[in-house]
Amino acid sequence: MVILLELLVVTVPAAMVLMAGGVPFTWSVPAALIACAALPLRRRNPSLTALLCLPALVGGLGWPPTVVAMYRVGRKTSPPVMISWVAAATTVPATFVVVHEALPPNAAFLTFAFALFMAGAPAALGALITTRRKLTASLTEASRARTAELEAREESAKASERARIAREIHDAVGHHATLIAVESAALAATTEDAETREAALRLRGLAKEALAEMRAALGLLNTEPIPGYEGIPHLVDRARAAGLAVAYQDRTTDAPPPSTGRAAYRVIQEALTNVTKHAPGAPAEVLLTHNRDHLTITVTNGPPTTPAPPTSGGHGLHGLQERVTLAGGKLTTTARTDGSFTLEATLPSTPSQDDSTFGGSAHSRTTA
């Protein structure tokens, strides 16, 4: 197909040259045929092809191959190059004709106008087609990008909704189910009635089973990995990158169980968030220590160096207190008159039977 097209590109202009009558010069036909034979070069070098057409234009028979060459110039060259070749293909033959024929001004004007049309029209057509194709490709890419953006937003909205559902389930169901299990265990340990003890133990087992099923459901809702103890250094680094001066010390020897590690991560995350919001510019210190079967997390910050922006009352520390309690730990906070603040959390460092209710949530609450 390509070979047939190239054959037509060469033979049709050559036939037009051979059919022309009244040859101006003896060399006009050979120059025009050479220009026709050079047309296949336009695919690789449009400018060279246009250059080879100029002698044929001066000879008076070069317009058939020049029209093809100028179309390619418009398709594949930059606007400045295209304008240069249109100007050359206009002025060279028109000037030669005007001077050779000694044409009057009105005839000279028409000659230049004709040459400009013959050289500029195919070049403009080629440039227009190229611009249209580029515009079409750009619109297609923009449409594809827009579709991808909408899909990303939809997935983000779904992930946020899954996280919200997971948080609500954990806060509401997890808390009450844990209290049911604890109260049932206490009842079984204190009652003297065998049937009551059996019912209490059965109720405790059902509560623990409900907790396990809830965690499985939260695992389906939350597809992102839950950060744990190994993510604490990265959490501190991110706080430093945000402009918070944090001194971090880990004096523990062994990594805690996964549930405790996740709880520790959330405690430090909430504490550093509170420092950023309520004590701007204050340095903070994060200390991890291990004492027998407990991991102690102490986060201390100095007084703020700039006034803290007004905030509405949040539930960050209240939610954190609840989560630490569910994990089997204890949370204490100390606010001083100079504006400094200390948060200390004590978490069990031995594996729990149900791997801590704390690990089921994908996100912690932060102070609003």
# chains A, B, ... in the order shown; residues from 1 in each chain; ligands from 1
$ residues_around --residues "Leu116 in chain A" --least-positions-apart "5" --cutoff "10 Å" --atoms "only C-alpha atoms" --output "ChimeraX atom specification"
/A:86-91,94,110-111,121
$ write_last_selection --atoms "C-alpha atoms" --output "short mmCIF file (atom, residue, chain, number, x, y, z; two decimals), in the first residue's frame"
data_model
loop_
_atom_site.label_atom_id
_atom_site.label_comp_id
_atom_site.auth_asym_id
_atom_site.auth_seq_id
_atom_site.Cartn_x
_atom_site.Cartn_y
_atom_site.Cartn_z
CA VAL A 86 6.56 29.18 1.89
CA ALA A 87 8.36 32.52 1.53
CA ALA A 88 11.14 30.92 -0.54
CA ALA A 89 8.70 29.05 -2.80
CA THR A 90 6.79 32.31 -3.29
CA THR A 91 9.55 34.85 -3.88
CA ALA A 94 7.62 35.04 -8.74
CA LEU A 110 -1.00 38.91 -9.17
CA THR A 111 2.07 36.77 -9.85
CA ALA A 121 -2.25 26.52 0.74
#
$ select_by_dssp --residues "range 40-285 of chain A" --states "strand (DSSP E)" --output "number ranges by chain"
A: 246-250, 284-285
$ write_last_selection --atoms "C-alpha atoms" --output "short mmCIF file (atom, residue, chain, number, x, y, z; two decimals), in the first residue's frame"
data_model
loop_
_atom_site.label_atom_id
_atom_site.label_comp_id
_atom_site.auth_asym_id
_atom_site.auth_seq_id
_atom_site.Cartn_x
_atom_site.Cartn_y
_atom_site.Cartn_z
CA VAL A 246 11.24 15.50 68.45
CA ALA A 247 13.84 13.63 70.51
CA TYR A 248 13.23 9.86 70.27
CA GLN A 249 14.68 7.20 72.60
CA ASP A 250 13.86 3.51 72.56
CA ALA A 284 8.87 17.10 72.28
CA GLU A 285 10.50 13.95 73.65
#
$ atom_distance --atom1 "CA of Leu103 in chain A" --atom2 "CA of Gly60 in chain A"
15.6 Å
$ residues_around --residues "Ala123 in chain A" --least-positions-apart "4" --cutoff "7 Å" --atoms "only C-alpha atoms" --output "list in words"
Met70, Tyr71, Val73, Gly74, Ala119 and Ala127 of chain A
$ write_last_selection --atoms "N, CA, C and O atoms" --output "tab-separated table (two decimals), in the first residue's frame"
chain	number	residue	atom	x	y	z
A	70	MET	N	5.36	20.91	-0.30
A	70	MET	CA	4.95	21.90	0.70
A	70	MET	C	3.92	21.34	1.68
A	70	MET	O	3.88	21.74	2.84
A	71	TYR	N	3.09	20.42	1.20
A	71	TYR	CA	2.16	19.76	2.12
A	71	TYR	C	2.94	19.02	3.21
A	71	TYR	O	2.60	19.08	4.40
A	73	VAL	N	5.99	19.66	4.16
A	73	VAL	CA	6.65	20.67	5.00
A	73	VAL	C	5.69	21.15	6.09
A	73	VAL	O	6.06	21.30	7.26
A	74	GLY	N	4.44	21.42	5.71
A	74	GLY	CA	3.45	21.84	6.70
A	74	GLY	C	3.13	20.77	7.72
A	74	GLY	O	2.86	21.08	8.89
A	119	ALA	N	2.00	27.95	-2.87
A	119	ALA	CA	2.95	27.44	-1.89
A	119	ALA	C	2.34	27.38	-0.49
A	119	ALA	O	2.63	26.46	0.30
A	127	ALA	N	-0.21	21.72	8.01
A	127	ALA	CA	-0.10	22.17	9.41
A	127	ALA	C	-1.42	22.02	10.14
A	127	ALA	O	-1.46	21.65	11.33
$ atom_distance --atom1 "CA of Ala255 in chain A" --atom2 "CA of Ile297 in chain A"
13.5 Å
$ closest_atom_pairs --of "range 141-256 of chain A" --to "range 265-274 of chain A" --cutoff "10 Å" --atoms "only C-alpha atoms" --output "JSON lines"
{"residue": "A:Ile226", "atom": "CA", "partner": "A:Tyr265", "partner_atom": "CA", "distance": 9.6}
{"residue": "A:Pro227", "atom": "CA", "partner": "A:Tyr265", "partner_atom": "CA", "distance": 7.0}
{"residue": "A:Gly228", "atom": "CA", "partner": "A:Tyr265", "partner_atom": "CA", "distance": 5.7}
{"residue": "A:Tyr229", "atom": "CA", "partner": "A:Tyr265", "partner_atom": "CA", "distance": 6.1}
{"residue": "A:Glu230", "atom": "CA", "partner": "A:Tyr265", "partner_atom": "CA", "distance": 8.7}
{"residue": "A:Gly231", "atom": "CA", "partner": "A:Tyr265", "partner_atom": "CA", "distance": 7.2}
{"residue": "A:Ile232", "atom": "CA", "partner": "A:Tyr265", "partner_atom": "CA", "distance": 5.8}
{"residue": "A:Pro233", "atom": "CA", "partner": "A:Tyr265", "partner_atom": "CA", "distance": 9.6}
{"residue": "A:Leu235", "atom": "CA", "partner": "A:Gln269", "partner_atom": "CA", "distance": 7.2}
{"residue": "A:Val236", "atom": "CA", "partner": "A:Leu272", "partner_atom": "CA", "distance": 8.4}
{"residue": "A:Ala239", "atom": "CA", "partner": "A:Leu272", "partner_atom": "CA", "distance": 7.4}
{"residue": "A:Leu244", "atom": "CA", "partner": "A:Leu272", "partner_atom": "CA", "distance": 8.5}
{"residue": "A:Val246", "atom": "CA", "partner": "A:Leu272", "partner_atom": "CA", "distance": 8.8}
$ atom_distance --atom1 "CA of Ser160 in chain A" --atom2 "CA of His318 in chain A"
22.3 Å
